[in-house]
Every structure is written in C-alpha cells, then in structure tokens.
Amino acid sequence: MNKLGFGFLRLPQTRNRDIDLPLLERMVDRFLSSGGTYFDTAYTYLDGMSETALKQAVVERHPRASFQIADKLPGWMVRRHEDCERYFLEQCDRCGVDFFDVYLLHWLNRANYAIAERFNEFGFLERLKADGRIGKIGFSYHGDAATLEQVRDNMRDMAPLSPEESILLEKARDIISRNTAIPCTECRYCVKQCPKEIAIPDYFRIYNAYSRFPAEGWKMEPVYASLARNNGKASDCIRCRACERNCPQGIPITQWLKKVAEALEQANSTGTPLK
Ligand code: SF4
Ligand code: SF4
C-alpha cells in the first residue's frame, strides 16, 4: 500500500461552508491515479459531511476494490452498547458501503477509554471483524503526554534515528513551534458546544497568522471582523469551558480567546506585536 493516505478531516469548502465537491473529486482522482488508495474519515469530521463527501467523491465514482476506507466509531458518544451498532450502520449508510477496511475507536483518552470499557466497545469491534464487516481494528489516541517508559516501550524494536535525522526532526519541530501560537488542528469539536457560537478555530487560525506576521496585522482585522459579524465574538466568551472539555488537543481555549479579543477587537492597525 502507498504510505500516503488522504485525510477527510479538512476538505475544500465553499464560502457558505458546503463541501466544494467538484474540486474534491479532482483531488481524489489525482490521488488515486498517482497510486494512493487509503482514505480516512470519522463520524464527527466536518459535522458528518466528511463521510457523505467520501461517498460522493470516492465510493460512487470508483470501484470499491480500488481503495480502502478507514472510519472511526465515536465511542465517547455511546450511552449504551446498542448505540455502537446504530453508529456503525449510520456510518455505512453515510459512506455508501457495507464494509470498512479499517475501523478505529476514535479519540481515546483516559475518560473515553473508561466509556469504551464500560460499553464493551472493544468487544463490538471484535464482533464486527469476526462478522467480516470490518478488516482491521485500531484506535486513535489524544491523551496525556508521552512518558519516558512509554517511549522506551514503543521504540523497543525500532532502529534509532541517525544523528542527521535527529537534527532535521528537531529543526522541523522548532520551526513549527515557533510559528504556531495556538496548536489548534481545526477539528471543530469545540464549536458545537459553545452557547455563544464563537468561531473558535477560525479565530485561532487568524490569530496564528497574525502572530507570524504582526506587522501585517491590519490585514487580519477585517477578516476577523467579517467572521465576527455572523458568529459570536471572542470577547463574548462566558468561560463556561464546555469547549475545553471537548478539545482533543487540551488547548486552554478561554485563555487564548482573551488574547484573540485583545489583539483583534481593539484598533491595532499599526501592527503592535502580540502578547
Ligand atoms: S468557554 Fe467560551 S468559547 Fe468555550 S464554550 Fe463557553 S462561551 Fe464558548
Ligand atoms: S480548539 Fe481544540 S477542539 Fe477546537 S478546533 Fe481547535 S483543536 Fe479542535
């Protein structure tokens, strides 16, 4: 299998936030014709539009045997074991398939692992595999920091990086960290929880751009103002923290929103460096 997969977490969208299907189809076709075969989606990606887009752009336009799909059970949304089957069938329907090549338990962390055990979600995945309705089983993890013991355990059978590779990796890490104030992945899990309908990831994207090029801040302010006309402003945050409980990256969203408001809601066209 080609090592590069095609993620359906972020897709091209039109101004009114519909998926830009013609463009997505071109991207998918190029990916497949270049030897790619693996598509990755999840129940919650793009509020469910991701799975539907995969059906339209991939499943309905290419032979099923020519690609693989990885999908994910939203295990943290399960309230009783029967919900697992309900979600699985809904996902099959959205994607237009009756088989997933890979099926993962989505977003495991300490709390979600407890839910998975309580409702026997691992058992559910094993049953799907035994029934031939999925190929491989896995999970995705967004939990606590990686301990030294875990790293040792994970790396036991792997060759170490060469000194050159280590240097390159550290350089890449430094460049990324230096240029990204807020490590938001734009998964948008926080948005649905917000009673003030604050466009959290959109504001974080603008703030990150602003912090990279503070002298050009005047360019970001109109973008922010335009978004804030149709969404809650950063300063509308009432600090209920519902968003933070749903952020897989553990971002202190309320603290950053305060900075966003300070930077982008005050007249700042002189490019004052951000705090
Ligand atoms: S803490 Fe602020 S941003 Fe988060 S959900 Fe509450 S109002 Fe929305
Ligand atoms: S703030 Fe967290 S939950 Fe919200 S989009 Fe960014 S990474 Fe996702």
# chains A, B, ... in the order shown; residues from 1 in each chain; ligands from 1

call {"tool": "closest_atom_pairs", "arguments": {"of": "chain A", "to": "ligand 2", "cutoff": "8 Å", "atoms": "only C-alpha atoms and all ligand atoms", "output": "CSV"}}
result
residue,atom,partner,partner_atom_place_in_ligand_line,distance
A:Pro183,CA,ligand 2,7 (S),7.0
A:Cys184,CA,ligand 2,6 (Fe),3.8
A:Thr185,CA,ligand 2,7 (S),4.5
A:Glu186,CA,ligand 2,5 (S),3.7
A:Cys187,CA,ligand 2,8 (Fe),4.0
A:Arg188,CA,ligand 2,5 (S),3.7
A:Tyr189,CA,ligand 2,3 (S),4.4
A:Cys190,CA,ligand 2,3 (S),4.2
A:Val191,CA,ligand 2,4 (Fe),6.4
A:Ile200,CA,ligand 2,4 (Fe),6.2
A:Pro201,CA,ligand 2,5 (S),4.6
A:Phe204,CA,ligand 2,6 (Fe),7.6
A:Cys243,CA,ligand 2,3 (S),6.8
A:Glu244,CA,ligand 2,3 (S),7.1
A:Asn246,CA,ligand 2,3 (S),5.8
A:Cys247,CA,ligand 2,3 (S),3.5
A:Pro248,CA,ligand 2,2 (Fe),5.9
A:Gln249,CA,ligand 2,7 (S),5.2
A:Gly250,CA,ligand 2,2 (Fe),6.7
A:Ile251,CA,ligand 2,2 (Fe),5.8
A:Ile253,CA,ligand 2,1 (S),6.1

call {"tool": "write_last_selection", "arguments": {"atoms": "C-alpha atoms", "output": "mmCIF file, in the first residue's frame"}}
result
data_model
loop_
_atom_site.group_PDB
_atom_site.id
_atom_site.type_symbol
_atom_site.label_atom_id
_atom_site.label_comp_id
_atom_site.auth_asym_id
_atom_site.auth_seq_id
_atom_site.Cartn_x
_atom_site.Cartn_y
_atom_site.Cartn_z
ATOM 1 C CA PRO A 183 -1.754 24.310 18.321
ATOM 2 C CA CYS A 184 -5.328 24.059 17.044
ATOM 3 C CA THR A 185 -5.927 21.314 14.461
ATOM 4 C CA GLU A 186 -9.283 22.799 13.395
ATOM 5 C CA CYS A 187 -11.186 19.614 14.192
ATOM 6 C CA ARG A 188 -14.084 21.904 15.280
ATOM 7 C CA TYR A 189 -15.206 19.616 18.125
ATOM 8 C CA CYS A 190 -15.376 22.670 20.375
ATOM 9 C CA VAL A 191 -17.681 24.687 18.174
ATOM 10 C CA ILE A 200 -13.108 29.295 17.847
ATOM 11 C CA PRO A 201 -10.855 27.519 15.279
ATOM 12 C CA PHE A 204 -7.296 30.767 16.198
ATOM 13 C CA CYS A 243 -15.365 23.832 24.603
ATOM 14 C CA GLU A 244 -12.280 22.904 26.591
ATOM 15 C CA ASN A 246 -14.169 18.662 24.086
ATOM 16 C CA CYS A 247 -10.787 19.757 22.774
ATOM 17 C CA PRO A 248 -8.605 16.710 21.963
ATOM 18 C CA GLN A 249 -5.527 18.934 21.999
ATOM 19 C CA GLY A 250 -6.195 20.193 25.534
ATOM 20 C CA ILE A 251 -5.967 23.825 24.425
ATOM 21 C CA ILE A 253 -9.382 27.919 24.727
#

call {"tool": "residues_around", "arguments": {"residues": "region 101-115 of chain A", "least_positions_apart": "3", "cutoff": "10 Å", "atoms": "only C-alpha atoms", "output": "PyMOL selection string"}}
result
chain A and resi 38-44+67-80+88+118-122+125+128-129+132-144+248

call {"tool": "write_last_selection", "arguments": {"atoms": "C-alpha atoms", "output": "PDB file, in the first residue's frame"}}
result
ATOM      1  CA  TYR A  38      -6.294   4.909   1.547  1.00  0.00           C
ATOM      2  CA  PHE A  39      -8.988   7.369   2.709  1.00  0.00           C
ATOM      3  CA  ASP A  40      -9.537   8.329   6.330  1.00  0.00           C
ATOM      4  CA  THR A  41     -12.756   9.746   7.758  1.00  0.00           C
ATOM      5  CA  ALA A  42     -14.755   9.782  11.003  1.00  0.00           C
ATOM      6  CA  TYR A  43     -18.330  10.207  12.209  1.00  0.00           C
ATOM      7  CA  THR A  44     -17.663  13.649  13.642  1.00  0.00           C
ATOM      8  CA  PHE A  67      -9.386   1.873  -2.437  1.00  0.00           C
ATOM      9  CA  GLN A  68      -9.550   1.375   1.329  1.00  0.00           C
ATOM     10  CA  ILE A  69     -11.606   3.339   3.854  1.00  0.00           C
ATOM     11  CA  ALA A  70     -10.741   3.908   7.485  1.00  0.00           C
ATOM     12  CA  ASP A  71     -13.648   5.152   9.612  1.00  0.00           C
ATOM     13  CA  LYS A  72     -13.987   5.679  13.370  1.00  0.00           C
ATOM     14  CA  LEU A  73     -16.600   4.878  15.989  1.00  0.00           C
ATOM     15  CA  PRO A  74     -17.389   7.972  18.123  1.00  0.00           C
ATOM     16  CA  GLY A  75     -17.062   5.893  21.255  1.00  0.00           C
ATOM     17  CA  TRP A  76     -17.363   8.833  23.650  1.00  0.00           C
ATOM     18  CA  MET A  77     -20.909   9.482  22.325  1.00  0.00           C
ATOM     19  CA  VAL A  78     -22.085   5.952  23.190  1.00  0.00           C
ATOM     20  CA  ARG A  79     -24.571   5.741  26.073  1.00  0.00           C
ATOM     21  CA  ARG A  80     -25.363   2.021  25.851  1.00  0.00           C
ATOM     22  CA  PHE A  88     -21.840   1.802  12.621  1.00  0.00           C
ATOM     23  CA  ARG A 118     -17.998   0.293  30.173  1.00  0.00           C
ATOM     24  CA  PHE A 119     -19.942  -0.279  26.951  1.00  0.00           C
ATOM     25  CA  ASN A 120     -17.682  -3.045  25.630  1.00  0.00           C
ATOM     26  CA  GLU A 121     -16.714  -1.081  22.532  1.00  0.00           C
ATOM     27  CA  PHE A 122     -13.610  -3.200  22.018  1.00  0.00           C
ATOM     28  CA  LEU A 125     -15.152  -4.010  17.097  1.00  0.00           C
ATOM     29  CA  LEU A 128     -17.587  -6.639  13.518  1.00  0.00           C
ATOM     30  CA  LYS A 129     -14.275  -8.125  12.447  1.00  0.00           C
ATOM     31  CA  GLY A 132     -16.485  -9.697   8.149  1.00  0.00           C
ATOM     32  CA  ARG A 133     -17.907  -6.181   8.336  1.00  0.00           C
ATOM     33  CA  ILE A 134     -14.528  -4.553   9.008  1.00  0.00           C
ATOM     34  CA  GLY A 135     -10.978  -5.521   8.120  1.00  0.00           C
ATOM     35  CA  LYS A 136      -8.560  -4.179  10.684  1.00  0.00           C
ATOM     36  CA  ILE A 137      -9.166  -2.741  14.149  1.00  0.00           C
ATOM     37  CA  GLY A 138      -7.388   0.199  15.739  1.00  0.00           C
ATOM     38  CA  PHE A 139      -7.790   3.326  17.817  1.00  0.00           C
ATOM     39  CA  SER A 140      -6.720   6.947  17.788  1.00  0.00           C
ATOM     40  CA  TYR A 141      -5.323   8.494  20.925  1.00  0.00           C
ATOM     41  CA  HIS A 142      -5.385  12.055  22.278  1.00  0.00           C
ATOM     42  CA  GLY A 143      -4.450  11.612  25.904  1.00  0.00           C
ATOM     43  CA  ASP A 144      -1.823  12.607  28.384  1.00  0.00           C
ATOM     44  CA  PRO A 248      -8.605  16.710  21.963  1.00  0.00           C
TER      45      PRO A 248
END

call {"tool": "residues_around", "arguments": {"residues": "Asn208 (chain A)", "least_positions_apart": "5", "cutoff": "8 Å", "atoms": "only C-alpha atoms", "output": "list in words"}}
result
Asn179, Thr180, Ala181 and Ile182 of chain A

call {"tool": "write_last_selection", "arguments": {"atoms": "C-alpha atoms", "output": "PDB file, in the first residue's frame"}}
result
ATOM      1  CA  ASN A 179       5.394  29.774  14.054  1.00  0.00           C
ATOM      2  CA  THR A 180       2.270  28.392  15.670  1.00  0.00           C
ATOM      3  CA  ALA A 181       0.976  30.243  18.708  1.00  0.00           C
ATOM      4  CA  ILE A 182      -2.095  28.026  19.211  1.00  0.00           C
TER       5      ILE A 182
END

call {"tool": "residues_near_ligand", "arguments": {"ligand": "ligand 1", "cutoff": "8 Å", "atoms": "only C-alpha atoms and all ligand atoms", "output": "list of chain:residue names"}}
result
A:Cys190, A:Val191, A:Gln193, A:Cys194, A:Pro195, A:Lys196, A:Glu197, A:Ile198, A:Ile200, A:Ala234, A:Asp236, A:Cys237, A:Ile238, A:Arg239, A:Cys240, A:Arg241, A:Ala242, A:Cys243, A:Glu244, A:Ile253, A:Thr254, A:Leu257

call {"tool": "write_last_selection", "arguments": {"atoms": "C-alpha atoms", "output": "PDB file, in the first residue's frame"}}
result
ATOM      1  CA  CYS A 190     -15.376  22.670  20.375  1.00  0.00           C
ATOM      2  CA  VAL A 191     -17.681  24.687  18.174  1.00  0.00           C
ATOM      3  CA  GLN A 193     -20.545  23.012  22.472  1.00  0.00           C
ATOM      4  CA  CYS A 194     -20.339  26.787  22.520  1.00  0.00           C
ATOM      5  CA  PRO A 195     -23.526  28.548  23.696  1.00  0.00           C
ATOM      6  CA  LYS A 196     -22.207  31.787  22.199  1.00  0.00           C
ATOM      7  CA  GLU A 197     -21.488  30.238  18.773  1.00  0.00           C
ATOM      8  CA  ILE A 198     -17.954  31.560  18.795  1.00  0.00           C
ATOM      9  CA  ILE A 200     -13.108  29.295  17.847  1.00  0.00           C
ATOM     10  CA  ALA A 234     -14.007  36.186  21.050  1.00  0.00           C
ATOM     11  CA  ASP A 236     -18.476  37.067  24.017  1.00  0.00           C
ATOM     12  CA  CYS A 237     -16.953  34.060  25.795  1.00  0.00           C
ATOM     13  CA  ILE A 238     -18.623  33.465  29.179  1.00  0.00           C
ATOM     14  CA  ARG A 239     -15.891  31.000  30.254  1.00  0.00           C
ATOM     15  CA  CYS A 240     -18.266  28.076  30.738  1.00  0.00           C
ATOM     16  CA  ARG A 241     -15.399  25.868  29.422  1.00  0.00           C
ATOM     17  CA  ALA A 242     -17.717  23.463  27.564  1.00  0.00           C
ATOM     18  CA  CYS A 243     -15.365  23.832  24.603  1.00  0.00           C
ATOM     19  CA  GLU A 244     -12.280  22.904  26.591  1.00  0.00           C
ATOM     20  CA  ILE A 253      -9.382  27.919  24.727  1.00  0.00           C
ATOM     21  CA  THR A 254     -10.736  30.561  27.094  1.00  0.00           C
ATOM     22  CA  LEU A 257      -9.835  33.765  23.231  1.00  0.00           C
TER      23      LEU A 257
END

call {"tool": "select_by_dssp", "arguments": {"residues": "region 16-256 of chain A", "states": "alpha helix (DSSP H)", "output": "ChimeraX atom specification"}}
result
/A:21-33,49-54,82-95,110-118,121-130,148-154,163-179,200-212,217-230,242-245,253-256

call {"tool": "residues_around", "arguments": {"residues": "Pro22 (chain A)", "least_positions_apart": "4", "cutoff": "9 Å", "atoms": "only C-alpha atoms", "output": "list in words"}}
result
Arg26, Met27 and Ala57 of chain A

call {"tool": "write_last_selection", "arguments": {"atoms": "N, CA, C and O atoms", "output": "PDB file, in the first residue's frame"}}
result
ATOM      1  N   ARG A  26     -11.674  16.196  -8.132  1.00  0.00           N
ATOM      2  CA  ARG A  26     -10.401  16.292  -8.867  1.00  0.00           C
ATOM      3  C   ARG A  26      -9.234  15.852  -7.984  1.00  0.00           C
ATOM      4  O   ARG A  26      -8.309  15.167  -8.435  1.00  0.00           O
ATOM      5  N   MET A  27      -9.294  16.249  -6.712  1.00  0.00           N
ATOM      6  CA  MET A  27      -8.213  15.869  -5.791  1.00  0.00           C
ATOM      7  C   MET A  27      -8.176  14.354  -5.590  1.00  0.00           C
ATOM      8  O   MET A  27      -7.114  13.724  -5.586  1.00  0.00           O
ATOM      9  N   ALA A  57     -17.563  11.543  -3.500  1.00  0.00           N
ATOM     10  CA  ALA A  57     -16.338  11.783  -4.285  1.00  0.00           C
ATOM     11  C   ALA A  57     -15.567  10.504  -4.577  1.00  0.00           C
ATOM     12  O   ALA A  57     -14.849  10.419  -5.573  1.00  0.00           O
TER      13      ALA A  57
END

call {"tool": "residues_around", "arguments": {"residues": "Met220 (chain A)", "least_positions_apart": "5", "cutoff": "8 Å", "atoms": "only C-alpha atoms", "output": "ChimeraX atom specification"}}
result
/A:206,209-210,264

call {"tool": "atom_distance", "arguments": {"atom1": "CA of Ser211 (chain A)", "atom2": "CA of Val260 (chain A)"}}
result
10.3 Å

call {"tool": "select_by_dssp", "arguments": {"residues": "region 117-256 of chain A", "states": "strand (DSSP E)", "output": "list of chain:residue names"}}
result
A:Ile134, A:Gly135, A:Lys136, A:Ile137, A:Gly138, A:Phe139, A:Ser140, A:Tyr141
